[in-house]
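See below for the structure under consideration.
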Amino acid sequence: MADGQYRFYTADVFTNQAFGGNPLAVFPDAEDLTTDDMQRIANEFNLSETVFVQPPQDAKHAKRLRIFTPQHELPFAGHPTVGTAVVLAFTGGIACHSPETSVIFEEGVGPIPITIRTAEGQAAYAQFSVAQLPAFGPPAPPPEAVAAALSLTVDDLALDTTPIQTASCGVPFMYVPVRHLAGVERVRINQAALDQLPKHEWTSHLYVYTRETVTPEADVHARMFAPAMGLGEDPATGSAASSLAGVLALTATQSSGTLRWRIEQGFEMQRPSLIDVEADMQDGVITAVCVGGHAVLISQGEMLVQV
């Protein structure tokens, strides 16, 4: 392990209020850390993700982001992308001289364009464009098995409007539509039933959603469970919101133009989050997806990392 002191910041992402949203740790100067160092530090923080910022491999890009859960590295994640942009802009790692500043981050899935917006001279909001458009995966397991894994019944699922789908913009999720808000609130992971689902990456991350919402400004209410990633439940999942655009576009009546949704998540965890999603459509085909949200700087400090 590298020897030295490493500065870090924490932020709450997809919220404009402290102690809401999804917490994130960012190490802005992680050039000297090895992959093993980063994994051990992420495990120490035990947040859904920790980001390690390094110089870009392409000089035209702003930064390279390495994103780690407590258990492994991710090729892409939404709330780390948004949160790191706001943290770097707030702390001077990215210079913002106008109300909007656009840069490119390097992540495992490829270059991620991101726009940072400032309010009263401070970074407050960031929006990124996905490097990989939503792609659908294999057929989902039988609805009865999926419902049992969520402690629901098939009658709780909104299968008459939308089937269970697997989709990915770099990280795969299984999207489970539920009829009513009360059903989503009632979800509990049944580990024995979950263990009966086919063991592959498309069934590892369960995204449960409904069109009934808590807040009037939201269009979708969601919860995300990823026991395989060491996450019981995630309060805000930007990568899942990215490919949800592909799922929602299947039933959209508008075939061209820009579709917009606001997703609320984390309410059952007392960490309310709001995620903005846009999908550009051309003749029924998605041509671009953007995800954005606010972030709030919470703390700063130094980690004493020794050999």
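Residues in the structure tokens are named by chain (A, B, ... in the order shown) and by number from 1 within that chain; ligands are numbered from 1 in the order shown.
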Exercise: stretch 272-289 of chain A partners within 10 Å, only C-alpha atoms, chain neighbours under 5 positions left out, as a PyMOL selection string: chain A and resi 12-17+19-22+78-79+127-134+169+215+217-221+235-238+241-246+248-250+252-267+294
May I have all residues of stretch 103-171 of chain A that DSSP, computed from the backbone, assigns to strand (DSSP E), given as a VMD selection string? chain A and resid 103 to 107 110 to 119 122 to 129 135 to 136 165 to 168
Give me a file of those residues, with N, CA, C and O atoms, as a CSV table (one decimal), in the first residue's frame.
chain,number,residue,atom,x,y,z
A,103,VAL,N,-16.9,19.1,-19.3
A,103,VAL,CA,-15.7,18.4,-19.3
A,103,VAL,C,-16.0,16.9,-19.6
A,103,VAL,O,-17.2,16.5,-19.7
A,104,ILE,N,-14.9,16.1,-19.7
A,104,ILE,CA,-15.1,14.7,-20.0
A,104,ILE,C,-14.3,13.9,-18.9
A,104,ILE,O,-13.1,14.1,-18.7
A,105,PHE,N,-15.0,12.9,-18.3
A,105,PHE,CA,-14.4,12.0,-17.4
A,105,PHE,C,-14.1,10.7,-18.1
A,105,PHE,O,-14.9,10.3,-19.0
A,106,GLU,N,-13.0,10.0,-17.7
A,106,GLU,CA,-12.7,8.7,-18.2
A,106,GLU,C,-13.2,7.7,-17.2
A,106,GLU,O,-12.8,7.8,-16.0
A,107,GLU,N,-14.1,6.8,-17.6
A,107,GLU,CA,-14.5,5.7,-16.7
A,107,GLU,C,-14.3,4.4,-17.4
A,107,GLU,O,-14.0,4.3,-18.6
A,110,GLY,N,-15.8,4.0,-20.8
A,110,GLY,CA,-15.4,4.9,-21.9
A,110,GLY,C,-15.6,6.4,-21.4
A,110,GLY,O,-15.8,6.7,-20.2
A,111,PRO,N,-15.4,7.3,-22.3
A,111,PRO,CA,-15.5,8.8,-22.0
A,111,PRO,C,-16.9,9.1,-21.6
A,111,PRO,O,-17.9,8.7,-22.3
A,112,ILE,N,-17.1,9.9,-20.5
A,112,ILE,CA,-18.4,10.4,-20.0
A,112,ILE,C,-18.4,11.9,-20.1
A,112,ILE,O,-17.8,12.6,-19.2
A,113,PRO,N,-19.1,12.5,-21.0
A,113,PRO,CA,-19.3,14.0,-21.0
A,113,PRO,C,-20.1,14.4,-19.9
A,113,PRO,O,-21.2,13.8,-19.6
A,114,ILE,N,-19.7,15.4,-19.2
A,114,ILE,CA,-20.5,15.9,-18.0
A,114,ILE,C,-20.5,17.4,-18.0
A,114,ILE,O,-19.5,18.1,-18.3
A,115,THR,N,-21.7,18.0,-17.7
A,115,THR,CA,-21.8,19.4,-17.6
A,115,THR,C,-22.1,19.8,-16.1
A,115,THR,O,-23.0,19.2,-15.5
A,116,ILE,N,-21.4,20.8,-15.6
A,116,ILE,CA,-21.5,21.2,-14.2
A,116,ILE,C,-22.1,22.6,-14.2
A,116,ILE,O,-21.7,23.5,-15.0
A,117,ARG,N,-23.2,22.7,-13.4
A,117,ARG,CA,-23.9,24.0,-13.3
A,117,ARG,C,-23.6,24.6,-12.0
A,117,ARG,O,-23.6,23.9,-11.0
A,118,THR,N,-23.4,25.9,-12.0
A,118,THR,CA,-23.2,26.6,-10.7
A,118,THR,C,-24.4,27.5,-10.3
A,118,THR,O,-25.1,27.9,-11.2
A,119,ALA,N,-24.5,27.7,-9.0
A,119,ALA,CA,-25.5,28.6,-8.5
A,119,ALA,C,-24.9,29.5,-7.4
A,119,ALA,O,-24.2,29.0,-6.5
A,122,GLN,N,-21.2,28.7,-6.8
A,122,GLN,CA,-20.8,27.4,-6.3
A,122,GLN,C,-21.4,26.3,-7.1
A,122,GLN,O,-22.6,26.4,-7.6
A,123,ALA,N,-20.6,25.2,-7.3
A,123,ALA,CA,-21.1,24.1,-8.0
A,123,ALA,C,-22.3,23.4,-7.3
A,123,ALA,O,-22.2,23.3,-6.1
A,124,ALA,N,-23.3,23.1,-8.0
A,124,ALA,CA,-24.5,22.6,-7.3
A,124,ALA,C,-25.2,21.4,-8.0
A,124,ALA,O,-25.8,20.6,-7.4
A,125,TYR,N,-25.0,21.3,-9.4
A,125,TYR,CA,-25.7,20.4,-10.2
A,125,TYR,C,-24.8,19.9,-11.3
A,125,TYR,O,-24.0,20.6,-11.8
A,126,ALA,N,-24.9,18.6,-11.6
A,126,ALA,CA,-24.1,18.0,-12.7
A,126,ALA,C,-25.0,17.1,-13.5
A,126,ALA,O,-25.9,16.4,-12.9
A,127,GLN,N,-24.8,17.0,-14.8
A,127,GLN,CA,-25.5,16.1,-15.7
A,127,GLN,C,-24.5,15.5,-16.6
A,127,GLN,O,-23.7,16.1,-17.2
A,128,PHE,N,-24.6,14.1,-16.7
A,128,PHE,CA,-23.7,13.4,-17.6
A,128,PHE,C,-24.5,12.7,-18.7
A,128,PHE,O,-25.7,12.4,-18.6
A,129,SER,N,-23.8,12.4,-19.8
A,129,SER,CA,-24.3,11.6,-20.9
A,129,SER,C,-23.7,10.3,-20.9
A,129,SER,O,-22.4,10.1,-20.7
A,135,ALA,N,-29.0,-1.1,-23.3
A,135,ALA,CA,-29.1,-2.4,-24.1
A,135,ALA,C,-29.8,-3.4,-23.2
A,135,ALA,O,-29.6,-3.5,-22.0
A,136,PHE,N,-30.7,-4.1,-23.9
A,136,PHE,CA,-31.5,-5.1,-23.1
A,136,PHE,C,-30.8,-6.5,-23.0
A,136,PHE,O,-30.0,-6.9,-24.0
A,165,GLN,N,-37.9,-6.5,-17.1
A,165,GLN,CA,-36.8,-6.3,-18.1
A,165,GLN,C,-35.5,-6.4,-17.5
A,165,GLN,O,-35.3,-6.0,-16.4
A,166,THR,N,-34.5,-6.8,-18.3
A,166,THR,CA,-33.1,-6.7,-17.9
A,166,THR,C,-32.5,-5.7,-18.9
A,166,THR,O,-32.7,-5.7,-20.1
A,167,ALA,N,-31.7,-4.7,-18.4
A,167,ALA,CA,-31.2,-3.6,-19.2
A,167,ALA,C,-29.9,-3.1,-18.6
A,167,ALA,O,-29.7,-3.2,-17.4
A,168,SER,N,-29.0,-2.5,-19.4
A,168,SER,CA,-27.8,-2.0,-18.9
A,168,SER,C,-27.2,-0.8,-19.7
A,168,SER,O,-27.4,-0.8,-21.0
Can you tell me, as a PDB file with C-alpha atoms, in the first residue's frame, what residues are no more than 7 Å from stretch 139-156 of chain A when counting only C-alpha atoms, ignoring any on the same chain fewer than 6 positions away?
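Below you can see out-v6.pdb, which holds the result:
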ATOM      1  CA  ILE A 164     -39.881  -7.448 -16.141  1.00  0.00           C
ATOM      2  CA  GLN A 165     -36.841  -6.339 -18.147  1.00  0.00           C
ATOM      3  CA  THR A 166     -33.074  -6.661 -17.931  1.00  0.00           C
ATOM      4  CA  VAL A 178     -44.992  -2.715  -9.402  1.00  0.00           C
ATOM      5  CA  ARG A 179     -48.607  -1.508  -9.526  1.00  0.00           C
ATOM      6  CA  GLY A 183     -46.223  -2.478  -2.951  1.00  0.00           C
ATOM      7  CA  VAL A 187     -40.549  -4.906  -0.613  1.00  0.00           C
ATOM      8  CA  ARG A 188     -38.173  -6.954   1.513  1.00  0.00           C
ATOM      9  CA  ILE A 189     -35.463  -9.195   0.095  1.00  0.00           C
ATOM     10  CA  ASN A 190     -36.258 -12.859   0.674  1.00  0.00           C
ATOM     11  CA  GLN A 191     -32.745 -14.277   0.530  1.00  0.00           C
ATOM     12  CA  ALA A 193     -36.047 -17.028  -2.801  1.00  0.00           C
ATOM     13  CA  LEU A 194     -33.352 -14.736  -4.227  1.00  0.00           C
ATOM     14  CA  LEU A 197     -32.943 -17.082  -9.193  1.00  0.00           C
TER      15      LEU A 197
END
Contacts of stretch 57-64 of chain A at 12 Å (only C-alpha atoms; same-chain gap of 2+ positions) as a ChimeraX atom specification: /A:27-31,51-55,66-67,75-76,81,84-85,88-89,93-95,101-115
Write out as a ChimeraX atom specification each polymer residue whose atoms come within 10 Å of A:Met38, counting only C-alpha atoms; drop sequence neighbours fewer than 2 positions from it. /A:1,27,30,33-36,40-44,50-52,66-70,72-73
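Counting only C-alpha atoms and comparing A:Leu304, A:Cys290, A:Thr10, A:Tyr175, the residue that lies closest to A:Val86 is A:Thr10.
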DSSP helix (DSSP H, G or I) selection over stretch 50-185 of chain A, as number ranges by chain: A: 78-91, 143-149, 154-156, 181-185
Provide the atom CA of A:Met174 to atom CA of A:Tyr207 distance in Å, to one decimal place.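 Spanning atom CA of A:Met174 to atom CA of A:Tyr207 is a straight-line distance of 5.8 Å.
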Could you check which of A:Gln71, A:Thr210, A:Ser204, A:Gln5 is closest to A:Val176, using only C-alpha atoms?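 When distances to A:Val176 are compared using only C-alpha atoms, the smallest one comes from A:Thr210.
Candidate residues A:Pro177, A:Pro80, A:Pro227, A:Gly293 were compared for distance to A:Tyr209, and the nearest is A:Pro177, using only C-alpha atoms.
Atom pair atom CA of A:Asp32 / atom CA of A:Cys96: separated by 26.2 Å.
Residue nearest A:Gly170, chosen from A:Pro99, A:Gly230, A:Pro198, A:Gly137 and counting only C-alpha atoms: A:Gly137.
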